[in-house]
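Next comes query12.cif, a file with mmCIF, C-alpha atoms (C1' of nucleotides).
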data_protein
#
loop_
_atom_site.label_atom_id
_atom_site.label_comp_id
_atom_site.auth_asym_id
_atom_site.auth_seq_id
_atom_site.Cartn_x
_atom_site.Cartn_y
_atom_site.Cartn_z
CA MET P 1 -49.03 -21.96 50.36
CA ALA P 2 -49.17 -18.56 48.73
CA GLN P 3 -49.08 -18.03 45.03
CA ARG P 4 -46.16 -18.24 42.75
CA ILE P 5 -43.31 -15.79 43.28
CA SER P 6 -41.90 -14.31 40.09
CA GLN P 7 -38.24 -13.88 39.22
CA SER P 8 -38.08 -10.21 40.13
CA GLU P 9 -40.08 -10.77 43.25
CA LEU P 10 -37.58 -13.42 44.27
CA ASP P 11 -34.82 -10.80 44.20
CA ILE P 12 -36.78 -8.86 46.76
CA MET P 13 -37.41 -11.93 48.88
CA ASN P 14 -33.70 -12.72 48.88
CA VAL P 15 -32.93 -9.33 50.38
CA LEU P 16 -35.51 -9.81 53.09
CA TRP P 17 -34.42 -13.35 53.78
CA GLU P 18 -31.03 -11.98 54.67
CA LYS P 19 -32.38 -9.44 57.11
CA SER P 20 -35.83 -8.47 58.28
CA PRO P 21 -37.90 -6.58 59.07
CA MET P 22 -36.80 -3.91 56.68
CA ALA P 23 -38.35 -0.74 55.23
CA ALA P 24 -38.83 -0.26 51.51
CA SER P 25 -36.06 2.31 51.34
CA GLU P 26 -33.58 -0.13 52.84
CA VAL P 27 -34.57 -2.80 50.38
CA VAL P 28 -33.93 -0.33 47.59
CA GLU P 29 -30.47 0.43 48.94
CA ARG P 30 -29.54 -3.22 49.31
CA LEU P 31 -30.66 -3.98 45.80
CA ASP P 32 -28.87 -1.03 44.39
CA ASN P 33 -25.62 -2.91 43.99
CA ASN P 34 -27.15 -5.57 41.84
CA LYS P 35 -30.27 -4.20 40.31
CA ASP P 36 -30.97 -1.01 38.51
CA TRP P 37 -34.53 -0.56 39.61
CA SER P 38 -36.24 2.67 40.51
CA SER P 39 -37.64 2.83 44.01
CA ARG P 40 -41.15 2.77 42.46
CA THR P 41 -40.45 -0.60 40.98
CA VAL P 42 -39.29 -1.98 44.29
CA LYS P 43 -42.38 -0.60 46.00
CA THR P 44 -44.61 -2.24 43.44
CA LEU P 45 -42.89 -5.58 43.90
CA LEU P 46 -43.16 -5.27 47.66
CA SER P 47 -46.89 -4.57 47.39
CA ARG P 48 -47.44 -7.52 45.14
CA LEU P 49 -45.62 -9.77 47.55
CA VAL P 50 -47.81 -8.53 50.38
CA GLU P 51 -50.92 -9.21 48.29
CA LYS P 52 -49.65 -12.68 47.57
CA GLY P 53 -49.15 -13.36 51.23
CA ALA P 54 -45.39 -13.74 50.92
CA LEU P 55 -44.61 -10.73 53.10
CA SER P 56 -46.24 -9.23 56.16
CA THR P 57 -46.19 -5.56 57.06
CA GLU P 58 -45.89 -3.79 60.31
CA ALA P 59 -46.41 -0.06 60.64
CA ASP P 60 -43.45 2.03 61.68
CA GLY P 61 -44.56 5.64 61.74
CA ARG P 62 -45.91 6.38 58.32
CA ARG P 63 -44.00 3.62 56.61
CA TYR P 64 -44.05 -0.16 56.66
CA LEU P 65 -41.54 -2.71 57.71
CA TYR P 66 -41.63 -5.88 55.68
CA THR P 67 -41.02 -9.42 56.91
CA PRO P 68 -41.11 -12.68 54.93
CA LEU P 69 -44.01 -14.97 55.73
CA ILE P 70 -42.51 -17.76 53.69
CA ALA P 71 -39.19 -19.14 54.85
CA LYS P 72 -36.41 -19.40 52.33
CA ASP P 73 -36.14 -23.09 53.15
CA THR P 74 -39.76 -23.71 52.36
CA TYR P 75 -39.54 -21.87 49.11
CA ALA P 76 -36.32 -23.59 48.10
CA SER P 77 -37.72 -27.04 48.79
CA HIS P 78 -40.76 -26.35 46.69
CA ALA P 79 -38.78 -24.90 43.85
CA ALA P 80 -36.25 -27.71 43.84
CA LYS P 81 -38.91 -30.37 43.96
CA SER P 82 -40.97 -28.73 41.29
CA LEU P 83 -38.00 -28.49 38.96
CA SER P 84 -37.01 -32.11 39.41
CA GLU P 85 -40.61 -33.18 38.89
CA ARG P 86 -41.05 -31.21 35.73
CA LEU P 87 -37.86 -32.51 34.25
CA PHE P 88 -37.10 -35.90 35.73
CA GLY P 89 -40.30 -37.25 37.16
CA GLY P 90 -39.26 -36.26 40.65
CA ARG P 91 -35.89 -37.97 40.70
CA ALA P 92 -33.15 -35.86 42.17
CA ALA P 93 -30.05 -37.57 40.90
CA PRO P 94 -30.23 -36.31 37.32
CA LEU P 95 -30.68 -32.81 38.58
CA VAL P 96 -27.59 -32.99 40.71
CA ALA P 97 -25.71 -34.50 37.82
CA HIS P 98 -26.59 -31.43 35.79
CA LEU P 99 -25.47 -29.10 38.52
CA ALA P 100 -22.21 -30.96 38.62
CA LYS P 101 -21.76 -30.74 34.89
CA GLY P 102 -22.24 -27.00 34.96
CA GLU P 103 -19.28 -26.76 37.32
CA GLY P 104 -21.71 -26.00 40.08
CA LEU P 105 -19.98 -28.29 42.55
CA SER P 106 -16.96 -27.21 44.51
CA GLU P 107 -14.73 -29.48 46.52
CA THR P 108 -16.57 -28.39 49.61
CA ASP P 109 -19.92 -29.07 48.04
CA ILE P 110 -18.90 -32.59 47.24
CA GLU P 111 -17.85 -33.21 50.79
CA GLU P 112 -21.01 -31.72 52.14
CA LEU P 113 -23.05 -33.87 49.87
CA GLU P 114 -21.25 -37.01 50.86
CA ALA P 115 -21.92 -36.25 54.48
CA LEU P 116 -25.55 -35.59 53.68
CA LEU P 117 -25.92 -38.84 51.80
CA ALA P 118 -24.30 -40.76 54.62
CA ARG P 119 -26.82 -39.29 56.99
CA LEU P 120 -29.71 -40.14 54.69
CA LYS P 121 -28.67 -43.74 54.37
CA LYS P 122 -29.22 -44.41 58.01
CA MET G 1 -29.64 -19.68 23.82
CA ALA G 2 -33.27 -19.11 22.97
CA GLN G 3 -35.65 -17.26 25.21
CA ARG G 4 -37.28 -18.46 28.33
CA ILE G 5 -39.58 -21.48 28.09
CA SER G 6 -42.74 -21.20 30.15
CA GLN G 7 -44.26 -23.90 32.33
CA SER G 8 -46.86 -25.00 29.83
CA GLU G 9 -44.38 -24.87 27.02
CA LEU G 10 -42.13 -27.15 29.02
CA ASP G 11 -44.86 -29.78 29.05
CA ILE G 12 -44.77 -29.74 25.28
CA MET G 13 -41.00 -29.92 25.19
CA ASN G 14 -41.06 -32.93 27.48
CA VAL G 15 -43.25 -34.81 25.03
CA LEU G 16 -40.94 -33.99 22.16
CA TRP G 17 -37.85 -34.81 24.15
CA GLU G 18 -39.19 -38.32 24.51
CA LYS G 19 -39.76 -38.78 20.83
CA SER G 20 -39.30 -36.60 17.79
CA PRO G 21 -40.05 -35.51 15.17
CA MET G 22 -43.73 -35.53 15.91
CA ALA G 23 -46.82 -33.91 14.40
CA ALA G 24 -49.06 -31.62 16.42
CA SER G 25 -51.82 -34.22 16.56
CA GLU G 26 -49.47 -36.76 18.10
CA VAL G 27 -48.36 -34.28 20.69
CA VAL G 28 -51.99 -33.70 21.56
CA GLU G 29 -52.57 -37.42 22.00
CA ARG G 30 -49.55 -37.92 24.16
CA LEU G 31 -50.52 -35.03 26.38
CA ASP G 32 -54.07 -36.21 26.63
CA ASN G 33 -53.32 -38.48 29.55
CA ASN G 34 -51.94 -35.72 31.67
CA LYS G 35 -53.27 -32.47 30.39
CA ASP G 36 -56.73 -31.37 29.52
CA TRP G 37 -55.82 -29.00 26.76
CA SER G 38 -57.71 -28.46 23.57
CA SER G 39 -55.77 -29.11 20.42
CA ARG G 40 -55.87 -25.34 19.73
CA THR G 41 -53.97 -24.71 22.89
CA VAL G 42 -51.32 -27.23 21.99
CA LYS G 43 -50.97 -25.71 18.53
CA THR G 44 -50.51 -22.28 20.04
CA LEU G 45 -47.83 -23.51 22.37
CA LEU G 46 -46.06 -25.28 19.52
CA SER G 47 -46.07 -22.10 17.45
CA ARG G 48 -44.69 -20.07 20.28
CA LEU G 49 -41.91 -22.57 20.81
CA VAL G 50 -41.05 -22.35 17.12
CA GLU G 51 -40.97 -18.54 17.33
CA LYS G 52 -38.72 -18.79 20.35
CA GLY G 53 -36.33 -21.03 18.50
CA ALA G 54 -36.90 -23.98 20.80
CA LEU G 55 -38.41 -26.18 18.09
CA SER G 56 -37.76 -26.61 14.40
CA THR G 57 -40.35 -27.62 11.84
CA GLU G 58 -40.17 -29.81 8.80
CA ALA G 59 -43.03 -30.01 6.33
CA ASP G 60 -44.80 -33.33 6.01
CA GLY G 61 -47.56 -32.88 3.47
CA ARG G 62 -49.74 -30.09 4.70
CA ARG G 63 -48.65 -30.43 8.29
CA TYR G 64 -45.47 -29.92 10.25
CA LEU G 65 -43.28 -32.25 12.18
CA TYR G 66 -41.67 -30.69 15.22
CA THR G 67 -38.22 -31.38 16.62
CA PRO G 68 -36.52 -29.85 19.66
CA LEU G 69 -33.64 -27.53 18.90
CA ILE G 70 -32.65 -27.38 22.53
CA ALA G 71 -31.56 -30.63 24.15
CA LYS G 72 -33.21 -31.60 27.39
CA ASP G 73 -29.77 -31.82 28.96
CA THR G 74 -28.92 -28.29 28.00
CA TYR G 75 -32.18 -26.97 29.31
CA ALA G 76 -31.92 -28.95 32.53
CA SER G 77 -28.41 -27.72 33.22
CA HIS G 78 -29.42 -24.12 32.73
CA ALA G 79 -32.51 -24.46 34.86
CA ALA G 80 -30.70 -26.24 37.66
CA LYS G 81 -27.86 -23.76 37.64
CA SER G 82 -30.16 -20.80 37.51
CA LEU G 83 -32.17 -22.04 40.46
CA SER G 84 -29.12 -22.68 42.59
CA GLU G 85 -27.74 -19.29 41.68
CA ARG G 86 -30.91 -17.44 42.52
CA LEU G 87 -31.21 -19.15 45.85
CA PHE G 88 -27.81 -20.19 47.06
CA GLY G 89 -25.26 -18.16 45.21
CA GLY G 90 -24.54 -21.02 42.87
CA ARG G 91 -23.81 -23.68 45.47
CA ALA G 92 -25.38 -27.01 44.72
CA ALA G 93 -25.29 -28.70 48.08
CA PRO G 94 -28.12 -26.75 49.70
CA LEU G 95 -30.31 -27.46 46.72
CA VAL G 96 -29.75 -31.17 47.00
CA ALA G 97 -30.37 -30.99 50.70
CA HIS G 98 -33.75 -29.50 49.94
CA LEU G 99 -34.57 -32.18 47.45
CA ALA G 100 -33.69 -34.72 50.06
CA LYS G 101 -35.86 -33.08 52.68
CA GLY G 102 -38.85 -33.12 50.39
CA GLU G 103 -38.52 -36.90 50.15
CA GLY G 104 -37.21 -36.45 46.67
CA LEU G 105 -34.47 -38.99 47.11
CA SER G 106 -35.04 -42.69 46.77
CA GLU G 107 -32.64 -45.42 47.80
CA THR G 108 -31.57 -45.71 44.20
CA ASP G 109 -31.02 -41.97 43.91
CA ILE G 110 -28.74 -42.00 46.90
CA GLU G 111 -26.66 -44.75 45.40
CA GLU G 112 -26.49 -43.03 42.06
CA LEU G 113 -25.39 -39.84 43.72
CA GLU G 114 -22.69 -41.55 45.70
CA ALA G 115 -21.33 -43.04 42.53
CA LEU G 116 -21.48 -39.65 40.84
CA LEU G 117 -19.64 -37.96 43.68
CA ALA G 118 -17.00 -40.64 43.69
CA ARG G 119 -16.44 -40.01 40.01
CA LEU G 120 -16.26 -36.26 40.53
CA LYS G 121 -13.66 -36.55 43.23
CA LYS G 122 -11.14 -38.05 40.92
"C1'" DT F 1 -68.52 -34.22 -6.17
"C1'" DA F 2 -70.23 -32.37 -1.92
"C1'" DA F 3 -69.70 -32.30 3.02
"C1'" DG F 4 -67.11 -32.84 6.93
"C1'" DA F 5 -62.52 -33.19 9.31
"C1'" DT F 6 -57.94 -31.54 9.89
"C1'" DT F 7 -54.23 -28.21 9.64
"C1'" DG F 8 -51.65 -24.01 10.05
"C1'" DA F 9 -52.46 -18.87 10.37
"C1'" DT F 10 -54.47 -15.28 12.61
"C1'" DT F 11 -56.95 -13.24 16.34
"C1'" DA F 12 -58.76 -12.93 21.24
"C1'" DC F 13 -58.64 -12.00 25.81
"C1'" DA F 14 -57.86 -12.11 30.83
"C1'" DG F 15 -54.35 -12.42 34.26
"C1'" DA F 16 -49.23 -12.17 35.50
"C1'" DT F 17 -44.98 -9.67 35.14
"C1'" DG F 18 -41.52 -6.02 34.46
"C1'" DT F 19 -40.99 -1.50 34.99
"C1'" DA F 20 -42.45 2.52 36.16
"C1'" DG F 21 -45.43 7.39 36.80
"C1'" DT F 22 -48.85 10.35 39.43
"C1'" DC F 23 -51.12 11.81 43.57
"C1'" DA F 24 -52.18 13.05 48.17
"C1'" DA F 25 -50.69 13.00 52.85
"C1'" DT F 26 -47.22 13.83 55.98
"C1'" DA F 27 -42.74 14.47 58.20
"C1'" DG F 28 -38.83 17.18 58.36
"C1'" DA F 29 -36.09 21.37 57.11
"C1'" DA F 30 -35.53 26.16 56.70
"C1'" DT E 1 -45.03 28.12 59.05
"C1'" DT E 2 -44.10 27.16 54.44
"C1'" DC E 3 -41.55 24.36 51.21
"C1'" DT E 4 -39.68 19.97 50.07
"C1'" DA E 5 -38.74 15.14 50.32
"C1'" DT E 6 -40.61 10.72 51.36
"C1'" DT E 7 -44.17 7.27 51.63
"C1'" DG E 8 -47.98 4.38 50.50
"C1'" DA E 9 -52.03 4.15 47.20
"C1'" DC E 10 -53.48 4.03 42.78
"C1'" DT E 11 -52.78 3.94 37.85
"C1'" DA E 12 -50.26 2.75 33.48
"C1'" DC E 13 -48.78 0.07 29.94
"C1'" DA E 14 -46.23 -3.27 27.05
"C1'" DT E 15 -45.09 -8.09 27.03
"C1'" DC E 16 -45.65 -12.84 28.39
"C1'" DT E 17 -48.72 -16.73 29.53
"C1'" DG E 18 -52.61 -19.72 29.62
"C1'" DT E 19 -56.23 -20.99 27.15
"C1'" DA E 20 -58.61 -20.92 23.47
"C1'" DA E 21 -61.89 -19.40 18.90
"C1'" DT E 22 -62.26 -18.31 13.97
"C1'" DC E 23 -60.88 -18.73 9.25
"C1'" DA E 24 -59.34 -20.43 4.94
"C1'" DA E 25 -57.23 -24.19 2.62
"C1'" DT E 26 -56.96 -28.91 1.90
"C1'" DC E 27 -57.65 -33.84 2.61
"C1'" DT E 28 -60.86 -37.57 3.20
"C1'" DT E 29 -65.05 -39.93 3.02
"C1'" DA E 30 -69.61 -40.79 1.48
#

Go ahead and render the structure in this file as structure tokens.
Amino acid sequence: MAQRISQSELDIMNVLWEKSPMAASEVVERLDNNKDWSSRTVKTLLSRLVEKGALSTEADGRRYLYTPLIAKDTYASHAAKSLSERLFGGRAAPLVAHLAKGEGLSETDIEELEALLARLKK
Amino acid sequence: MAQRISQSELDIMNVLWEKSPMAASEVVERLDNNKDWSSRTVKTLLSRLVEKGALSTEADGRRYLYTPLIAKDTYASHAAKSLSERLFGGRAAPLVAHLAKGEGLSETDIEELEALLARLKK
DNA sequence: TAAGATTGATTACAGATGTAGTCAATAGAA
DNA sequence: TTCTATTGACTACATCTGTAATCAATCTTA
């Protein structure tokens, strides 16, 4: 199950979930638009994620290529469930209501959700 | 906006969101069913929440009564939005899909959600 | 009134987290 | 071949978290 992934670590995971395997230097570049981290910081976060079992490494010359060991889907399910449990005893509806209130739902989202619910009802 | 509330602190907030104001000793009792914390631990967490501006205190003899300064709704909206942003660029649908996959949705939830979506469409 | 219980204040301390710096080896450039 | 840039390994350090312990004041109970 791997340990808990911290906020900053999640930023790294997001980059690697988009494309992998990837070397540390590439991760730094990709983050550069959003984050103002030194490459040392990124390296540290990568190492911690490897320790935690969230990333695997593969040697490529004298550097490593990193690949997620945890799928984004798996992580997202856990995180979503954990949040709804901590706040609403596991019920999802209130959580969605809050997303909606925060203008989190677009027209498209609503349609997608309706389709999803229809599927679930069967 | 108050700073970030940690996991353990959230357990305390949940107790006070159910009923407030409440003295530390009551919080300890209420938590006793779920958590195995010493009363010292609970006191520490209460103090930190006061420092963070998440709780207010009111003297009651030589003890304090604690009241949430942040509404559960407000917190939930932030948390839900933040999660969906970190994972799905702010889109809610994928998050709900994940809740559904983790068996987080009961029959009742589905109905509630349909009603909610119907309301949002208008 | 003396002793014990309770309360907030202060202190403790290890592990997680955010954010790097230093070092030694090595690959590439001149 | 010598200098430099890059890379992983190791170290650093303040803050946050989880989980309390100690202390002094005060309330309660015998």

Using only C-alpha atoms (C1' of nucleotides), which protein or nucleic acid residues come within 12 Å of E:DT11? Drop anything in the same chain fewer than 2 positions from it, and give the result as a compact mmCIF listing (two decimals) with C-alpha atoms (C1' of nucleotides), in the frame of the given file.
# COMPACT_ATOMS: atom_id res chain seq x y z
CA THR P 44 -44.61 -2.24 43.44
C1' DA F 20 -42.45 2.52 36.16
C1' DG F 21 -45.43 7.39 36.80
C1' DT F 22 -48.85 10.35 39.43
C1' DC F 23 -51.12 11.81 43.57
C1' DA E 9 -52.03 4.15 47.20
C1' DC E 13 -48.78 0.07 29.94

Mind fitting chain P onto chain G over all Cα atoms in sequence order and sending the result as a tab-separated table (two decimals) with C-alpha atoms, in the frame of the given file?
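out.tsv was written with the following content:
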chain	number	residue	atom	x	y	z
P	1	MET	CA	-29.54	-19.76	23.75
P	2	ALA	CA	-33.18	-19.19	22.93
P	3	GLN	CA	-35.54	-17.36	25.17
P	4	ARG	CA	-37.15	-18.56	28.29
P	5	ILE	CA	-39.50	-21.53	28.05
P	6	SER	CA	-42.67	-21.18	30.10
P	7	GLN	CA	-44.23	-23.84	32.31
P	8	SER	CA	-46.85	-24.90	29.79
P	9	GLU	CA	-44.36	-24.83	26.99
P	10	LEU	CA	-42.15	-27.14	29.01
P	11	ASP	CA	-44.94	-29.73	29.03
P	12	ILE	CA	-44.82	-29.70	25.27
P	13	MET	CA	-41.05	-29.92	25.20
P	14	ASN	CA	-41.16	-32.93	27.50
P	15	VAL	CA	-43.36	-34.79	25.05
P	16	LEU	CA	-41.04	-34.02	22.19
P	17	TRP	CA	-37.96	-34.87	24.19
P	18	GLU	CA	-39.34	-38.35	24.57
P	19	LYS	CA	-39.92	-38.83	20.88
P	20	SER	CA	-39.41	-36.69	17.82
P	21	PRO	CA	-40.15	-35.61	15.22
P	22	MET	CA	-43.82	-35.58	15.93
P	23	ALA	CA	-46.89	-33.90	14.40
P	24	ALA	CA	-49.10	-31.57	16.39
P	25	SER	CA	-51.90	-34.11	16.52
P	26	GLU	CA	-49.61	-36.69	18.09
P	27	VAL	CA	-48.46	-34.22	20.68
P	28	VAL	CA	-52.08	-33.57	21.54
P	29	GLU	CA	-52.73	-37.28	21.98
P	30	ARG	CA	-49.70	-37.80	24.18
P	31	LEU	CA	-50.64	-34.90	26.38
P	32	ASP	CA	-54.19	-36.01	26.63
P	33	ASN	CA	-53.51	-38.28	29.57
P	34	ASN	CA	-52.09	-35.53	31.67
P	35	LYS	CA	-53.37	-32.27	30.37
P	36	ASP	CA	-56.81	-31.11	29.50
P	37	TRP	CA	-55.88	-28.78	26.71
P	38	SER	CA	-57.74	-28.22	23.49
P	39	SER	CA	-55.78	-28.94	20.35
P	40	ARG	CA	-55.81	-25.17	19.64
P	41	THR	CA	-53.91	-24.55	22.82
P	42	VAL	CA	-51.30	-27.12	21.93
P	43	LYS	CA	-50.93	-25.61	18.47
P	44	THR	CA	-50.42	-22.18	19.95
P	45	LEU	CA	-47.76	-23.46	22.32
P	46	LEU	CA	-46.02	-25.28	19.49
P	47	SER	CA	-45.97	-22.10	17.40
P	48	ARG	CA	-44.57	-20.07	20.23
P	49	LEU	CA	-41.83	-22.61	20.76
P	50	VAL	CA	-40.95	-22.44	17.08
P	51	GLU	CA	-40.82	-18.64	17.27
P	52	LYS	CA	-38.56	-18.89	20.28
P	53	GLY	CA	-36.22	-21.18	18.44
P	54	ALA	CA	-36.84	-24.11	20.76
P	55	LEU	CA	-38.38	-26.30	18.07
P	56	SER	CA	-37.71	-26.75	14.38
P	57	THR	CA	-40.31	-27.72	11.81
P	58	GLU	CA	-40.17	-29.92	8.82
P	59	ALA	CA	-43.00	-30.12	6.32
P	60	ASP	CA	-44.81	-33.41	5.99
P	61	GLY	CA	-47.55	-32.95	3.43
P	62	ARG	CA	-49.65	-30.09	4.64
P	63	ARG	CA	-48.63	-30.44	8.25
P	64	TYR	CA	-45.45	-29.96	10.24
P	65	LEU	CA	-43.31	-32.31	12.19
P	66	TYR	CA	-41.70	-30.76	15.22
P	67	THR	CA	-38.25	-31.50	16.62
P	68	PRO	CA	-36.54	-29.97	19.67
P	69	LEU	CA	-33.62	-27.69	18.90
P	70	ILE	CA	-32.66	-27.51	22.54
P	71	ALA	CA	-31.61	-30.74	24.20
P	72	LYS	CA	-33.26	-31.69	27.44
P	73	ASP	CA	-29.83	-31.90	29.02
P	74	THR	CA	-28.97	-28.37	28.05
P	75	TYR	CA	-32.22	-27.05	29.35
P	76	ALA	CA	-31.98	-28.99	32.59
P	77	SER	CA	-28.46	-27.77	33.28
P	78	HIS	CA	-29.49	-24.19	32.78
P	79	ALA	CA	-32.57	-24.51	34.90
P	80	ALA	CA	-30.76	-26.27	37.71
P	81	LYS	CA	-27.94	-23.79	37.72
P	82	SER	CA	-30.25	-20.84	37.58
P	83	LEU	CA	-32.26	-22.11	40.52
P	84	SER	CA	-29.23	-22.74	42.68
P	85	GLU	CA	-27.86	-19.32	41.78
P	86	ARG	CA	-31.04	-17.50	42.61
P	87	LEU	CA	-31.38	-19.22	45.93
P	88	PHE	CA	-27.95	-20.23	47.16
P	89	GLY	CA	-25.43	-18.15	45.31
P	90	GLY	CA	-24.67	-21.01	42.96
P	91	ARG	CA	-23.92	-23.65	45.56
P	92	ALA	CA	-25.49	-26.98	44.82
P	93	ALA	CA	-25.36	-28.69	48.17
P	94	PRO	CA	-28.22	-26.78	49.79
P	95	LEU	CA	-30.38	-27.50	46.82
P	96	VAL	CA	-29.78	-31.21	47.06
P	97	ALA	CA	-30.40	-31.05	50.77
P	98	HIS	CA	-33.82	-29.61	50.02
P	99	LEU	CA	-34.58	-32.29	47.50
P	100	ALA	CA	-33.66	-34.84	50.09
P	101	LYS	CA	-35.85	-33.25	52.70
P	102	GLY	CA	-38.83	-33.35	50.38
P	103	GLU	CA	-38.43	-37.11	50.17
P	104	GLY	CA	-37.13	-36.64	46.68
P	105	LEU	CA	-34.31	-39.13	47.14
P	106	SER	CA	-34.83	-42.84	46.77
P	107	GLU	CA	-32.36	-45.50	47.78
P	108	THR	CA	-31.30	-45.74	44.19
P	109	ASP	CA	-30.85	-42.01	43.91
P	110	ILE	CA	-28.54	-42.01	46.87
P	111	GLU	CA	-26.42	-44.71	45.36
P	112	GLU	CA	-26.31	-42.97	42.04
P	113	LEU	CA	-25.26	-39.79	43.69
P	114	GLU	CA	-22.52	-41.44	45.64
P	115	ALA	CA	-21.14	-42.90	42.47
P	116	LEU	CA	-21.35	-39.52	40.80
P	117	LEU	CA	-19.54	-37.81	43.64
P	118	ALA	CA	-16.83	-40.43	43.61
P	119	ARG	CA	-16.31	-39.77	39.95
P	120	LEU	CA	-16.19	-36.02	40.48
P	121	LYS	CA	-13.57	-36.28	43.18
P	122	LYS	CA	-11.03	-37.68	40.82

Identify every residue of chain F that has at least one atom within 10 Å of any atom of chain G, counting only C-alpha atoms (C1' of nucleotides), and report the result as a VMD selection string. chain F and resid 6 to 8

Counting all atoms listed in the file, what is within 12 Å of stretch 14-28 of chain E, bar same-chain residues fewer than 2 positions away, as an mmCIF file with C-alpha atoms (C1' of nucleotides), in the coordinates of the input?
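After the write, result.cif holds the following:
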data_model
loop_
_atom_site.group_PDB
_atom_site.id
_atom_site.type_symbol
_atom_site.label_atom_id
_atom_site.label_comp_id
_atom_site.auth_asym_id
_atom_site.auth_seq_id
_atom_site.Cartn_x
_atom_site.Cartn_y
_atom_site.Cartn_z
ATOM 1 C CA GLN G 3 -35.650 -17.260 25.210
ATOM 2 C CA ARG G 4 -37.280 -18.460 28.330
ATOM 3 C CA ILE G 5 -39.580 -21.480 28.090
ATOM 4 C CA SER G 6 -42.740 -21.200 30.150
ATOM 5 C CA GLN G 7 -44.260 -23.900 32.330
ATOM 6 C CA SER G 8 -46.860 -25.000 29.830
ATOM 7 C CA GLU G 9 -44.380 -24.870 27.020
ATOM 8 C CA ASP G 36 -56.730 -31.370 29.520
ATOM 9 C CA TRP G 37 -55.820 -29.000 26.760
ATOM 10 C CA SER G 38 -57.710 -28.460 23.570
ATOM 11 C CA SER G 39 -55.770 -29.110 20.420
ATOM 12 C CA ARG G 40 -55.870 -25.340 19.730
ATOM 13 C CA THR G 41 -53.970 -24.710 22.890
ATOM 14 C CA VAL G 42 -51.320 -27.230 21.990
ATOM 15 C CA LYS G 43 -50.970 -25.710 18.530
ATOM 16 C CA THR G 44 -50.510 -22.280 20.040
ATOM 17 C CA LEU G 45 -47.830 -23.510 22.370
ATOM 18 C CA ARG G 48 -44.690 -20.070 20.280
ATOM 19 C CA GLY G 61 -47.560 -32.880 3.470
ATOM 20 C CA ARG G 62 -49.740 -30.090 4.700
ATOM 21 C CA ARG G 63 -48.650 -30.430 8.290
ATOM 22 C "C1'" DA F 2 -70.230 -32.370 -1.920
ATOM 23 C "C1'" DA F 3 -69.700 -32.300 3.020
ATOM 24 C "C1'" DG F 4 -67.110 -32.840 6.930
ATOM 25 C "C1'" DA F 5 -62.520 -33.190 9.310
ATOM 26 C "C1'" DT F 6 -57.940 -31.540 9.890
ATOM 27 C "C1'" DT F 7 -54.230 -28.210 9.640
ATOM 28 C "C1'" DG F 8 -51.650 -24.010 10.050
ATOM 29 C "C1'" DA F 9 -52.460 -18.870 10.370
ATOM 30 C "C1'" DT F 10 -54.470 -15.280 12.610
ATOM 31 C "C1'" DT F 11 -56.950 -13.240 16.340
ATOM 32 C "C1'" DA F 12 -58.760 -12.930 21.240
ATOM 33 C "C1'" DC F 13 -58.640 -12.000 25.810
ATOM 34 C "C1'" DA F 14 -57.860 -12.110 30.830
ATOM 35 C "C1'" DG F 15 -54.350 -12.420 34.260
ATOM 36 C "C1'" DA F 16 -49.230 -12.170 35.500
ATOM 37 C "C1'" DT F 17 -44.980 -9.670 35.140
ATOM 38 C "C1'" DG F 18 -41.520 -6.020 34.460
ATOM 39 C "C1'" DT F 19 -40.990 -1.500 34.990
ATOM 40 C "C1'" DA F 20 -42.450 2.520 36.160
ATOM 41 C "C1'" DA E 12 -50.260 2.750 33.480
ATOM 42 C "C1'" DA E 30 -69.610 -40.790 1.480
#

As an mmCIF file with C-alpha atoms (C1' of nucleotides), keeping the file's coordinate frame, could you give me every residue of chain E near chain P (at most 10 Å apart, counting only C-alpha atoms (C1' of nucleotides))?
data_model
loop_
_atom_site.group_PDB
_atom_site.id
_atom_site.type_symbol
_atom_site.label_atom_id
_atom_site.label_comp_id
_atom_site.auth_asym_id
_atom_site.auth_seq_id
_atom_site.Cartn_x
_atom_site.Cartn_y
_atom_site.Cartn_z
ATOM 1 C "C1'" DT E 6 -40.610 10.720 51.360
ATOM 2 C "C1'" DT E 7 -44.170 7.270 51.630
ATOM 3 C "C1'" DG E 8 -47.980 4.380 50.500
#

Up to 7 Å from chain P, what residues of chain G turn up? Count all atoms listed in the file and give them as number ranges by chain. G: 76-77, 80-81, 90-93, 95-96, 98-99, 102, 104-105, 109-110, 112-113, 117

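The interatomic distance for the pair atom CA of P:Arg30 and atom CA of P:Thr57 works out to 18.5 Å.
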
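For the pair atom CA of P:Lys19 and atom C1' of E:DA5, the separation is 26.3 Å.
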
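Between atom CA of G:Leu69 and atom CA of G:Pro21 the interatomic distance comes to 10.9 Å.
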